[in-house]
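Novice: Handing over start07.csv, CSV, C-alpha atoms.
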chain,number,residue,atom,x,y,z
A,14,MET,CA,223.4,130.0,-63.0
A,15,SER,CA,225.8,132.0,-65.2
A,16,ALA,CA,224.9,135.3,-66.9
A,17,ALA,CA,224.8,133.5,-70.2
A,18,GLU,CA,222.3,131.0,-68.9
A,19,ILE,CA,220.1,133.7,-67.4
A,20,ALA,CA,219.9,136.0,-70.4
A,21,PRO,CA,217.2,134.1,-72.3
A,22,LEU,CA,215.1,133.9,-69.1
A,23,LEU,CA,215.3,137.7,-68.7
A,24,ASP,CA,214.6,138.3,-72.3
A,25,ALA,CA,211.2,136.6,-72.0
A,26,ILE,CA,210.1,139.1,-69.3
A,27,THR,CA,208.1,142.2,-70.3
A,28,PHE,CA,209.2,145.0,-68.0
A,29,ASP,CA,207.0,148.1,-67.7
A,30,ALA,CA,207.8,151.7,-68.7
A,31,ASN,CA,209.9,152.0,-65.5
A,32,GLY,CA,211.8,148.8,-66.3
A,33,LEU,CA,210.0,146.9,-63.5
A,34,VAL,CA,207.9,143.7,-63.2
A,35,PRO,CA,205.5,142.9,-60.3
A,36,VAL,CA,206.5,139.9,-58.3
A,37,ILE,CA,204.2,137.9,-56.0
A,38,ALA,CA,206.0,136.1,-53.2
A,39,GLN,CA,204.2,132.9,-52.1
A,40,ALA,CA,205.3,130.7,-49.2
A,41,HIS,CA,206.5,127.3,-50.2
A,42,GLY,CA,204.4,124.5,-48.8
A,43,SER,CA,201.6,126.6,-47.2
A,44,GLY,CA,200.8,128.6,-50.4
A,45,GLU,CA,200.3,131.7,-48.3
A,46,ILE,CA,200.8,135.0,-50.2
A,47,LEU,CA,203.5,136.9,-48.3
A,48,MET,CA,203.9,140.1,-50.2
A,49,MET,CA,204.0,141.8,-53.6
A,50,ALA,CA,207.0,143.8,-54.7
A,51,TRP,CA,208.9,144.8,-57.9
A,52,MET,CA,212.0,143.6,-59.7
A,53,ASN,CA,214.1,145.2,-62.4
A,54,ARG,CA,216.2,143.1,-64.8
A,55,ASP,CA,219.2,143.2,-62.4
A,56,ALA,CA,217.1,142.1,-59.5
A,57,VAL,CA,215.7,139.1,-61.4
A,58,ALA,CA,219.3,138.2,-62.5
A,59,GLU,CA,220.6,138.4,-58.9
A,60,THR,CA,217.7,136.4,-57.6
A,61,LEU,CA,218.3,133.6,-60.1
A,62,THR,CA,222.1,133.7,-59.6
A,63,THR,CA,222.1,133.7,-55.8
A,64,GLY,CA,218.9,131.9,-55.0
A,65,ARG,CA,218.1,134.6,-52.6
A,66,VAL,CA,215.3,137.0,-53.5
A,67,CYS,CA,216.3,140.5,-54.4
A,68,TYR,CA,213.7,143.2,-55.3
A,69,TRP,CA,213.9,146.7,-56.6
A,70,SER,CA,212.9,149.3,-54.0
A,71,ARG,CA,210.9,152.0,-55.7
A,72,SER,CA,211.2,154.3,-52.7
A,73,ARG,CA,214.9,154.0,-52.4
A,74,GLN,CA,215.6,153.4,-56.1
A,75,SER,CA,218.0,150.7,-55.4
A,76,LEU,CA,218.3,146.9,-55.3
A,77,TRP,CA,216.6,145.6,-52.2
A,78,ARG,CA,218.1,142.3,-50.9
A,79,LYS,CA,215.1,141.2,-48.9
A,80,GLY,CA,216.2,140.8,-45.3
A,81,GLU,CA,219.5,142.7,-45.6
A,82,THR,CA,218.6,144.8,-42.6
A,83,SER,CA,215.9,142.7,-40.9
A,84,GLY,CA,217.5,139.3,-41.4
A,85,GLN,CA,214.1,138.1,-42.8
A,86,VAL,CA,215.5,136.6,-46.0
A,87,GLN,CA,213.7,134.8,-48.7
A,88,GLN,CA,215.2,131.7,-50.3
A,89,LEU,CA,214.0,131.1,-53.8
A,90,ILE,CA,212.4,127.7,-54.5
A,91,GLU,CA,211.1,128.4,-57.9
A,92,LEU,CA,210.4,131.4,-60.2
A,93,ARG,CA,207.4,131.4,-62.5
A,94,LEU,CA,206.3,133.8,-65.3
A,95,ASP,CA,202.8,134.3,-66.3
A,96,CYS,CA,201.2,133.8,-69.8
A,97,ASP,CA,201.9,137.3,-71.1
A,98,GLY,CA,205.3,137.6,-69.5
A,99,ASP,CA,204.5,140.7,-67.3
A,100,CYS,CA,204.2,139.2,-63.8
A,101,LEU,CA,206.5,136.9,-61.8
A,102,LEU,CA,205.6,134.5,-59.0
A,103,ALA,CA,208.4,133.6,-56.6
A,104,VAL,CA,207.8,130.6,-54.4
A,105,VAL,CA,210.0,131.1,-51.4
A,106,VAL,CA,211.0,129.9,-48.0
A,107,GLN,CA,210.5,132.9,-45.8
A,108,GLU,CA,212.8,133.4,-42.8
A,109,GLY,CA,210.6,134.8,-40.1
A,110,VAL,CA,208.2,137.4,-41.3
A,111,ALA,CA,207.7,139.1,-44.7
A,112,CYS,CA,206.0,142.3,-43.6
A,113,HIS,CA,207.7,145.4,-42.3
A,114,THR,CA,205.0,145.6,-39.6
A,115,GLY,CA,206.4,142.3,-38.2
A,116,ARG,CA,203.6,140.2,-39.5
A,117,ARG,CA,204.1,137.0,-41.5
A,118,SER,CA,202.1,138.3,-44.5
A,119,CYS,CA,201.5,141.9,-45.8
A,120,PHE,CA,197.9,141.0,-46.7
A,121,PHE,CA,196.5,141.3,-43.2
A,122,ASN,CA,193.6,143.7,-44.0
A,123,LYS,CA,190.3,142.0,-44.9
A,124,ALA,CA,187.3,143.8,-46.3
A,125,ASN,CA,184.4,143.5,-43.9
A,126,PRO,CA,181.1,143.7,-45.9
A,127,GLU,CA,179.1,144.3,-42.6
A,128,THR,CA,181.0,147.3,-41.4
A,129,GLY,CA,182.7,148.7,-44.5
A,130,ALA,CA,186.1,148.5,-42.7
A,131,TRP,CA,189.3,146.7,-43.3
A,132,ASP,CA,189.6,144.3,-40.4
A,133,VAL,CA,193.1,143.5,-39.2
A,134,THR,CA,193.4,139.7,-39.3
A,135,SER,CA,196.8,139.1,-37.7
A,136,GLN,CA,199.1,140.6,-35.2
A,137,PRO,CA,202.9,141.2,-35.4
A,138,LEU,CA,205.1,138.3,-34.4
A,139,ILE,CA,208.0,140.6,-33.8
A,140,SER,CA,208.0,144.4,-33.2
A,141,PRO,CA,209.2,146.6,-36.1
A,142,GLN,CA,211.7,148.1,-33.6
A,143,ASP,CA,213.3,144.7,-33.1
A,144,LEU,CA,213.1,144.0,-36.8
A,145,TYR,CA,215.1,147.0,-37.9
A,146,LYS,CA,217.6,147.6,-35.1
A,147,HIS,CA,220.3,148.4,-37.6
A,148,GLY,CA,218.7,150.1,-40.6
A,149,THR,CA,215.8,151.1,-42.6
A,150,SER,CA,212.5,149.2,-43.0
A,151,HIS,CA,213.6,146.6,-45.5
B,13,MET,CA,177.2,146.2,-49.9
B,14,SER,CA,175.9,149.7,-50.6
B,15,ALA,CA,177.9,152.5,-52.1
B,16,ALA,CA,178.1,154.3,-48.8
B,17,GLU,CA,179.4,151.1,-47.1
B,18,ILE,CA,182.1,150.7,-49.8
B,19,ALA,CA,183.4,154.2,-49.8
B,20,PRO,CA,185.7,153.9,-46.8
B,21,LEU,CA,187.1,150.6,-48.1
B,22,LEU,CA,187.9,152.3,-51.4
B,23,ASP,CA,189.4,155.3,-49.7
B,24,ALA,CA,192.0,153.1,-48.0
B,25,ILE,CA,193.4,151.9,-51.3
B,26,THR,CA,196.4,153.7,-52.9
B,27,PHE,CA,195.8,153.7,-56.7
B,28,ASP,CA,198.8,154.4,-58.9
B,29,ALA,CA,199.3,157.3,-61.3
B,30,ASN,CA,197.0,155.5,-63.8
B,31,GLY,CA,194.3,155.0,-61.1
B,32,LEU,CA,195.0,151.3,-60.9
B,33,VAL,CA,195.9,148.8,-58.2
B,34,PRO,CA,197.4,145.3,-58.9
B,35,VAL,CA,195.2,142.4,-57.8
B,36,ILE,CA,196.4,138.9,-57.2
B,37,ALA,CA,193.7,136.2,-57.6
B,38,GLN,CA,194.2,133.1,-55.4
B,39,ALA,CA,192.0,130.0,-55.5
B,40,HIS,CA,190.0,129.5,-52.4
B,41,GLY,CA,191.0,126.2,-50.7
B,42,SER,CA,194.0,125.2,-52.8
B,43,GLY,CA,195.8,128.5,-52.4
B,44,GLU,CA,196.9,128.3,-56.1
B,45,ILE,CA,197.8,131.6,-57.7
B,46,LEU,CA,195.5,131.9,-60.7
B,47,MET,CA,196.4,135.3,-62.2
B,48,MET,CA,197.4,138.9,-61.6
B,49,ALA,CA,195.4,141.8,-63.1
B,50,TRP,CA,194.4,145.3,-62.3
B,51,MET,CA,191.4,147.2,-60.9
B,52,ASN,CA,190.4,150.8,-60.9
B,53,ARG,CA,188.2,152.3,-58.2
B,54,ASP,CA,185.0,151.3,-60.1
B,55,ALA,CA,186.2,147.7,-60.6
B,56,VAL,CA,186.9,147.3,-56.8
B,57,ALA,CA,183.4,148.8,-56.1
B,58,GLU,CA,181.7,146.5,-58.5
B,59,THR,CA,183.6,143.5,-57.2
B,60,LEU,CA,182.5,144.2,-53.6
B,61,THR,CA,178.9,145.0,-54.6
B,62,THR,CA,178.3,142.0,-56.8
B,63,GLY,CA,180.6,139.4,-55.3
B,64,ARG,CA,181.8,138.7,-58.8
B,65,VAL,CA,185.3,139.8,-59.7
B,66,CYS,CA,185.6,142.7,-62.1
B,67,TYR,CA,189.0,143.9,-63.3
B,68,TRP,CA,190.1,146.9,-65.4
B,69,SER,CA,191.4,145.8,-68.8
B,70,ARG,CA,194.4,148.0,-69.7
B,71,SER,CA,194.4,146.8,-73.3
B,72,ARG,CA,190.7,147.6,-73.8
B,73,GLN,CA,190.6,150.5,-71.3
B,74,SER,CA,187.3,149.3,-69.9
B,75,LEU,CA,185.8,147.3,-67.1
B,76,TRP,CA,186.5,143.6,-67.5
B,77,ARG,CA,183.9,141.4,-65.9
B,78,LYS,CA,186.0,138.2,-65.7
B,79,GLY,CA,184.3,135.5,-67.6
B,80,GLU,CA,181.9,137.7,-69.5
B,81,THR,CA,182.9,136.2,-72.8
B,82,SER,CA,184.5,132.9,-71.6
B,83,GLY,CA,182.0,132.0,-68.9
B,84,GLN,CA,185.0,131.4,-66.6
B,85,VAL,CA,183.8,133.7,-63.8
B,86,GLN,CA,185.4,134.3,-60.4
B,87,GLN,CA,183.2,134.4,-57.3
B,88,LEU,CA,184.8,136.6,-54.6
B,89,ILE,CA,185.3,134.9,-51.2
B,90,GLU,CA,187.3,137.6,-49.6
B,91,LEU,CA,189.3,140.7,-50.5
B,92,ARG,CA,192.5,141.6,-48.8
B,93,LEU,CA,194.6,144.8,-48.8
B,94,ASP,CA,198.3,144.8,-48.1
B,95,CYS,CA,200.2,146.8,-45.4
B,96,ASP,CA,200.8,149.9,-47.5
B,97,GLY,CA,197.5,149.8,-49.3
B,98,ASP,CA,198.8,149.4,-52.8
B,99,CYS,CA,198.0,145.8,-53.7
B,100,LEU,CA,194.9,143.6,-53.4
B,101,LEU,CA,194.5,139.9,-52.9
B,102,ALA,CA,191.2,138.4,-54.1
B,103,VAL,CA,190.5,134.9,-52.8
B,104,VAL,CA,188.1,133.5,-55.4
B,105,VAL,CA,186.2,130.4,-56.5
B,106,GLN,CA,187.3,130.1,-60.2
B,107,GLU,CA,184.8,128.6,-62.6
B,108,GLY,CA,186.9,126.5,-65.0
B,109,VAL,CA,190.1,128.1,-66.0
B,110,ALA,CA,191.6,131.5,-65.2
B,111,CYS,CA,194.1,131.8,-68.1
B,112,HIS,CA,193.2,132.9,-71.7
B,113,THR,CA,195.3,130.0,-72.9
B,114,GLY,CA,192.9,127.6,-71.4
B,115,ARG,CA,195.1,126.7,-68.4
B,116,ARG,CA,193.9,126.8,-64.8
B,117,SER,CA,196.6,129.3,-63.8
B,118,CYS,CA,198.5,132.0,-65.8
B,119,PHE,CA,201.8,131.1,-64.1
B,120,PHE,CA,202.6,128.0,-66.1
B,121,ASN,CA,206.2,129.0,-67.1
B,122,LYS,CA,208.9,127.9,-64.6
B,123,ALA,CA,212.5,129.0,-64.8
B,124,ASN,CA,214.8,126.0,-65.4
B,125,PRO,CA,218.2,126.7,-64.0
B,126,GLU,CA,219.7,123.8,-66.0
B,127,THR,CA,218.7,124.9,-69.4
B,128,GLY,CA,218.0,128.7,-69.0
B,129,ALA,CA,214.6,128.2,-70.5
B,130,TRP,CA,211.0,128.8,-69.2
B,131,ASP,CA,209.6,125.2,-68.9
B,132,VAL,CA,205.8,124.9,-69.6
B,133,THR,CA,204.4,123.1,-66.6
B,134,SER,CA,200.8,122.6,-67.5
B,135,GLN,CA,198.6,122.1,-70.6
B,136,PRO,CA,195.3,123.7,-71.6
B,137,LEU,CA,192.2,122.1,-70.1
B,138,ILE,CA,190.1,123.7,-72.9
B,139,SER,CA,191.2,125.2,-76.2
B,140,PRO,CA,191.1,129.0,-76.5
B,141,GLN,CA,188.9,128.6,-79.5
B,142,ASP,CA,186.3,126.9,-77.4
B,143,LEU,CA,186.8,129.4,-74.6
B,144,TYR,CA,186.1,132.4,-76.7
B,145,LYS,CA,183.5,131.3,-79.2
B,146,HIS,CA,181.6,134.5,-78.8
B,147,GLY,CA,184.1,137.3,-78.3
B,148,THR,CA,187.5,138.6,-77.3
B,149,SER,CA,189.9,136.8,-75.0
B,150,HIS,CA,188.6,137.9,-71.7
As a first step, turn the structure in this file into C-alpha coordinates.

Specialist:
Amino acid sequence: MSAAEIAPLLDAITFDANGLVPVIAQAHGSGEILMMAWMNRDAVAETLTTGRVCYWSRSRQSLWRKGETSGQVQQLIELRLDCDGDCLLAVVVQEGVACHTGRRSCFFNKANPETGAWDVTSQPLISPQDLYKHGTSH
Amino acid sequence: MSAAEIAPLLDAITFDANGLVPVIAQAHGSGEILMMAWMNRDAVAETLTTGRVCYWSRSRQSLWRKGETSGQVQQLIELRLDCDGDCLLAVVVQEGVACHTGRRSCFFNKANPETGAWDVTSQPLISPQDLYKHGTSH
(Lines of atoms letter the chains of each structure in order from A and count residues from 1; the text may use other names and numbers.)
(Lines give C-alpha, C1' and ligand atoms only; values in the text may rest on other atoms or scores of the structure.)
Protein backbone atom coordinates (compact mmCIF):
# COMPACT_ATOMS: atom_id res chain seq x y z
CA MET A 1 0.00 0.00 0.00
CA SER A 2 1.16 3.53 -0.72
CA ALA A 3 1.21 6.35 1.85
CA ALA A 4 -1.81 7.96 0.15
CA GLU A 5 -3.80 4.73 0.42
CA ILE A 6 -2.89 4.29 4.08
CA ALA A 7 -3.75 7.82 5.27
CA PRO A 8 -7.55 7.30 5.54
CA LEU A 9 -7.00 4.02 7.41
CA LEU A 10 -4.74 5.82 9.91
CA ASP A 11 -7.12 8.75 10.26
CA ALA A 12 -9.88 6.43 11.54
CA ILE A 13 -7.76 5.29 14.50
CA THR A 14 -8.06 7.08 17.84
CA PHE A 15 -4.61 7.21 19.39
CA ASP A 16 -4.33 7.88 23.13
CA ALA A 17 -2.67 10.86 24.84
CA ASN A 18 0.72 9.25 24.18
CA GLY A 19 -0.08 8.75 20.50
CA LEU A 20 -0.48 5.00 20.95
CA VAL A 21 -3.14 2.37 20.29
CA PRO A 22 -3.21 -1.11 21.88
CA VAL A 23 -2.84 -4.01 19.47
CA ILE A 24 -3.90 -7.61 20.11
CA ALA A 25 -1.93 -10.19 18.13
CA GLN A 26 -3.91 -13.33 17.34
CA ALA A 27 -2.54 -16.38 15.56
CA HIS A 28 -4.07 -17.00 12.16
CA GLY A 29 -5.87 -20.34 12.06
CA SER A 30 -5.71 -21.39 15.71
CA GLY A 31 -7.10 -18.12 17.08
CA GLU A 32 -4.63 -18.21 19.97
CA ILE A 33 -3.88 -14.83 21.56
CA LEU A 34 -0.14 -14.36 21.26
CA MET A 35 0.52 -10.97 22.86
CA MET A 36 -0.66 -7.42 23.36
CA ALA A 37 1.53 -4.47 22.48
CA TRP A 38 1.26 -0.89 21.22
CA MET A 39 1.58 0.94 17.91
CA ASN A 40 1.94 4.60 17.08
CA ARG A 41 0.84 6.03 13.73
CA ASP A 42 4.18 5.25 12.08
CA ALA A 43 4.10 1.65 13.33
CA VAL A 44 0.61 1.09 11.88
CA ALA A 45 1.73 2.62 8.58
CA GLU A 46 4.85 0.45 8.42
CA THR A 47 2.88 -2.68 9.31
CA LEU A 48 0.37 -2.04 6.52
CA THR A 49 3.07 -1.12 4.01
CA THR A 50 5.41 -4.02 4.63
CA GLY A 51 2.99 -6.72 5.77
CA ARG A 52 5.32 -7.38 8.68
CA VAL A 53 4.15 -6.34 12.15
CA CYS A 54 5.92 -3.34 13.66
CA TYR A 55 5.06 -2.13 17.17
CA TRP A 56 6.15 0.86 19.24
CA SER A 57 8.36 -0.09 22.16
CA ARG A 58 7.35 2.00 25.15
CA SER A 59 10.49 1.00 27.07
CA ARG A 60 12.87 1.86 24.24
CA GLN A 61 10.72 4.67 22.78
CA SER A 62 11.37 3.47 19.26
CA LEU A 63 9.81 1.41 16.49
CA TRP A 64 10.00 -2.27 17.31
CA ARG A 65 10.05 -4.49 14.24
CA LYS A 66 8.89 -7.68 15.89
CA GLY A 67 11.58 -10.32 15.49
CA GLU A 68 14.36 -7.94 14.44
CA THR A 69 16.71 -9.42 17.05
CA SER A 70 14.98 -12.74 17.79
CA GLY A 71 13.98 -13.71 14.26
CA GLN A 72 10.45 -14.40 15.53
CA VAL A 73 8.69 -12.19 12.99
CA GLN A 74 4.94 -11.75 12.57
CA GLN A 75 3.49 -11.71 9.07
CA LEU A 76 0.27 -9.68 8.91
CA ILE A 77 -2.76 -11.53 7.57
CA GLU A 78 -5.35 -8.91 8.40
CA LEU A 79 -5.72 -5.81 10.54
CA ARG A 80 -8.97 -5.02 12.30
CA LEU A 81 -10.20 -1.94 14.15
CA ASP A 82 -12.82 -2.01 16.89
CA CYS A 83 -16.15 -0.18 17.06
CA ASP A 84 -14.84 2.98 18.71
CA GLY A 85 -11.55 3.03 16.84
CA ASP A 86 -9.23 2.75 19.82
CA CYS A 87 -8.00 -0.85 19.64
CA LEU A 88 -6.48 -2.90 16.81
CA LEU A 89 -6.52 -6.66 16.25
CA ALA A 90 -3.69 -8.05 14.12
CA VAL A 91 -4.23 -11.55 12.78
CA VAL A 92 -0.73 -12.87 12.13
CA VAL A 93 1.38 -15.82 11.17
CA GLN A 94 3.88 -16.05 14.02
CA GLU A 95 7.33 -17.34 13.19
CA GLY A 96 8.32 -19.44 16.19
CA VAL A 97 7.34 -17.90 19.52
CA ALA A 98 5.77 -14.53 20.39
CA CYS A 99 6.91 -14.22 24.01
CA HIS A 100 10.33 -12.99 25.13
CA THR A 101 10.37 -15.87 27.63
CA GLY A 102 10.50 -18.31 24.71
CA ARG A 103 6.87 -19.33 25.00
CA ARG A 104 4.44 -19.36 22.10
CA SER A 105 2.04 -16.93 23.85
CA CYS A 106 2.60 -14.26 26.50
CA PHE A 107 -0.61 -15.27 28.31
CA PHE A 108 0.76 -18.30 30.14
CA ASN A 109 -0.34 -17.33 33.67
CA LYS A 110 -3.78 -18.64 34.63
CA ALA A 111 -5.65 -17.58 37.77
CA ASN A 112 -6.17 -20.57 40.04
CA PRO A 113 -9.29 -20.05 42.16
CA GLU A 114 -8.31 -22.90 44.50
CA THR A 115 -4.87 -21.62 45.48
CA GLY A 116 -5.01 -17.89 44.72
CA ALA A 117 -1.91 -18.25 42.54
CA TRP A 118 -1.17 -17.65 38.87
CA ASP A 119 -0.41 -21.11 37.49
CA VAL A 120 2.14 -21.31 34.68
CA THR A 121 0.44 -23.22 31.88
CA SER A 122 3.21 -23.57 29.30
CA GLN A 123 6.95 -23.96 29.17
CA PRO A 124 9.49 -22.19 26.92
CA LEU A 125 10.01 -23.80 23.51
CA ILE A 126 13.36 -22.03 23.21
CA SER A 127 15.56 -20.44 25.87
CA PRO A 128 15.66 -16.63 26.01
CA GLN A 129 19.46 -16.90 25.72
CA ASP A 130 19.12 -18.63 22.37
CA LEU A 131 16.36 -16.23 21.34
CA TYR A 132 18.41 -13.09 21.89
CA LYS A 133 21.94 -14.07 20.98
CA HIS A 134 22.53 -10.82 19.18
CA GLY A 135 20.57 -8.12 20.95
CA THR A 136 17.94 -6.97 23.38
CA SER A 137 14.77 -8.84 24.25
CA HIS A 138 12.60 -7.87 21.30
CA MET B 1 -13.02 -16.85 45.96
CA SER B 2 -12.57 -14.88 49.17
CA ALA B 3 -10.81 -11.50 49.38
CA ALA B 4 -7.82 -13.15 51.06
CA GLU B 5 -7.49 -15.65 48.23
CA ILE B 6 -7.72 -12.93 45.59
CA ALA B 7 -5.15 -10.53 47.06
CA PRO B 8 -2.02 -12.34 45.76
CA LEU B 9 -3.59 -12.61 42.29
CA LEU B 10 -4.24 -8.86 42.26
CA ASP B 11 -0.78 -8.05 43.59
CA ALA B 12 0.83 -9.68 40.54
CA ILE B 13 -0.93 -7.30 38.15
CA THR B 14 0.82 -4.11 37.04
CA PHE B 15 -1.82 -1.41 36.76
CA ASP B 16 -1.00 1.71 34.72
CA ALA B 17 -0.75 5.32 35.96
CA ASN B 18 -4.57 5.49 35.99
CA GLY B 19 -4.85 2.27 37.99
CA LEU B 20 -6.09 0.32 34.98
CA VAL B 21 -5.10 -2.79 33.07
CA PRO B 22 -6.27 -3.66 29.53
CA VAL B 23 -8.40 -6.78 29.23
CA ILE B 24 -8.97 -8.80 26.07
CA ALA B 25 -12.25 -10.75 26.04
CA GLN B 26 -12.11 -13.94 23.98
CA ALA B 27 -15.04 -16.27 23.35
CA HIS B 28 -14.66 -19.68 24.95
CA GLY B 29 -14.61 -22.39 22.32
CA SER B 30 -14.48 -20.37 19.11
CA GLY B 31 -11.53 -18.22 20.17
CA GLU B 32 -13.15 -15.14 18.63
CA ILE B 33 -11.95 -11.82 20.03
CA LEU B 34 -15.05 -10.07 21.31
CA MET B 35 -13.78 -6.78 22.73
CA MET B 36 -11.05 -4.98 24.62
CA ALA B 37 -11.81 -2.97 27.74
CA TRP B 38 -10.20 -1.99 31.03
CA MET B 39 -10.33 -3.12 34.65
CA ASN B 40 -9.15 -1.50 37.85
CA ARG B 41 -8.23 -3.54 40.92
CA ASP B 42 -11.83 -3.62 42.19
CA ALA B 43 -13.13 -4.81 38.81
CA VAL B 44 -10.63 -7.68 38.70
CA ALA B 45 -11.58 -8.64 42.26
CA GLU B 46 -15.30 -8.55 41.49
CA THR B 47 -14.82 -10.57 38.29
CA LEU B 48 -12.91 -13.29 40.14
CA THR B 49 -15.34 -13.31 43.06
CA THR B 50 -18.57 -13.43 41.09
CA GLY B 51 -17.46 -15.24 37.92
CA ARG B 52 -19.19 -12.53 35.93
CA VAL B 53 -17.01 -10.06 34.05
CA CYS B 54 -16.89 -6.52 35.46
CA TYR B 55 -14.89 -3.79 33.72
CA TRP B 56 -14.06 -0.19 34.60
CA SER B 57 -15.83 2.32 32.39
CA ARG B 58 -13.40 5.13 31.60
CA SER B 59 -16.18 7.31 30.19
CA ARG B 60 -18.44 6.88 33.22
CA GLN B 61 -15.60 6.46 35.75
CA SER B 62 -17.42 3.62 37.47
CA LEU B 63 -17.55 -0.17 37.62
CA TRP B 64 -19.21 -1.55 34.52
CA ARG B 65 -20.88 -4.88 35.09
CA LYS B 66 -20.98 -6.04 31.48
CA GLY B 67 -24.59 -6.58 30.49
CA GLU B 68 -26.14 -4.73 33.41
CA THR B 69 -28.32 -2.68 31.06
CA SER B 70 -28.17 -4.79 27.88
CA GLY B 71 -28.46 -8.25 29.43
CA GLN B 72 -25.44 -9.34 27.36
CA VAL B 73 -23.41 -10.66 30.29
CA GLN B 74 -20.05 -12.41 30.14
CA GLN B 75 -19.47 -15.48 32.27
CA LEU B 76 -15.80 -15.92 33.15
CA ILE B 77 -14.25 -19.25 32.17
CA GLU B 78 -10.66 -18.37 32.90
CA LEU B 79 -8.52 -15.32 33.52
CA ARG B 80 -4.97 -15.12 32.21
CA LEU B 81 -2.14 -12.65 32.84
CA ASP B 82 0.66 -11.97 30.38
CA CYS B 83 4.41 -12.33 30.88
CA ASP B 84 5.03 -8.84 32.20
CA GLY B 85 1.81 -8.63 34.18
CA ASP B 86 0.27 -5.66 32.43
CA CYS B 87 -2.45 -7.24 30.29
CA LEU B 88 -5.29 -9.66 31.09
CA LEU B 89 -7.05 -12.16 28.86
CA ALA B 90 -10.56 -13.15 29.93
CA VAL B 91 -11.94 -16.27 28.29
CA VAL B 92 -15.71 -15.88 28.51
CA VAL B 93 -19.08 -17.24 27.55
CA GLN B 94 -20.77 -14.25 25.93
CA GLU B 95 -24.52 -13.99 26.30
CA GLY B 96 -25.73 -12.62 22.96
CA VAL B 97 -23.50 -9.88 21.57
CA ALA B 98 -20.45 -8.12 22.99
CA CYS B 99 -20.56 -4.90 20.96
CA HIS B 100 -22.75 -1.88 21.75
CA THR B 101 -23.59 -1.72 18.01
CA GLY B 102 -25.39 -5.06 18.34
CA ARG B 103 -22.63 -7.07 16.71
CA ARG B 104 -21.12 -10.20 18.19
CA SER B 105 -17.59 -8.71 18.19
CA CYS B 106 -16.32 -5.12 18.35
CA PHE B 107 -13.62 -5.84 15.74
CA PHE B 108 -15.83 -5.65 12.66
CA ASN B 109 -13.71 -3.15 10.70
CA LYS B 110 -11.11 -4.75 8.43
CA ALA B 111 -8.38 -2.83 6.64
CA ASN B 112 -8.81 -3.15 2.88
CA PRO B 113 -5.44 -2.78 1.14
CA GLU B 114 -7.11 -2.31 -2.24
CA THR B 115 -9.31 0.65 -1.35
CA GLY B 116 -7.66 2.12 1.75
CA ALA B 117 -10.96 1.82 3.63
CA TRP B 118 -12.07 -0.06 6.73
CA ASP B 119 -14.58 -2.61 5.41
CA VAL B 120 -17.46 -3.53 7.72
CA THR B 121 -17.40 -7.32 7.96
CA SER B 122 -20.50 -8.06 10.05
CA GLN B 123 -23.96 -6.69 10.62
CA PRO B 124 -25.81 -6.13 13.93
CA LEU B 125 -27.67 -9.17 15.25
CA ILE B 126 -29.86 -6.88 17.35
CA SER B 127 -30.51 -3.16 17.09
CA PRO B 128 -28.85 -0.90 19.67
CA GLN B 129 -32.35 0.44 20.44
CA ASP B 130 -33.50 -3.01 21.48
CA LEU B 131 -30.22 -3.63 23.30
CA TYR B 132 -30.47 -0.56 25.53
CA LYS B 133 -34.16 -0.18 26.19
CA HIS B 134 -33.59 0.67 29.80
CA GLY B 135 -30.32 2.55 30.07
CA THR B 136 -27.01 3.67 28.65
CA SER B 137 -24.91 1.79 26.15
CA HIS B 138 -23.19 -0.71 28.41

Novice: Write out as a PyMOL selection string every residue belonging to chain B that has an atom at most 7 Å from any atom of chain A, counting all atoms listed in the file.

Specialist: chain B and resi 13+17-18+20-21+43-44+91-95+118-123+125+128-130

Novice: Please list as a list of chain:residue names every residue within 8 Å of Leu33 (chain A), counting only C-alpha atoms and excluding residues in the same chain fewer than 2 positions away.

Specialist: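 Contacts, in chain order: A:Phe28, A:Asp29, A:Ala30, A:Asn31, A:Pro35, A:Trp51, A:Met52, A:Asn53, A:Arg54, A:Trp69.
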
Novice: Env of Leu76 (chain A): 12 Å cut, atoms = all atoms listed in the file, seq-sep filter 2 positions within chain, self excluded. Answer as a PyMOL selection string.

Specialist: chain A and resi 33+50-60+66-74+78-81+151

Novice: In Å, rounded to a single decimal, give me how far CA of Arg64 (chain B) is from CA of Trp76 (chain B).

Specialist: 11.0 Å

Novice: Of the residues B:Arg116, B:His40, B:Asp23, B:Ser82, which is the one nearest to Asp142 (chain B), using all atoms listed in the file?

Specialist: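 Using all atoms listed in the file, the shortest distance to Asp142 (chain B) belongs to B:Ser82.
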
Novice: Have a look at CA of Ala111 (chain A) and CA of Ala40 (chain A) and let me know their distance in Å, one decimal.

Specialist: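 Separating CA of Ala111 (chain A) from CA of Ala40 (chain A) is a distance of 9.8 Å.
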
Novice: Quick one, how far is CA of Thr81 (chain B) from CA of Leu137 (chain B)?

Specialist: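 Separation of CA of Thr81 (chain B) and CA of Leu137 (chain B): 17.1 Å.
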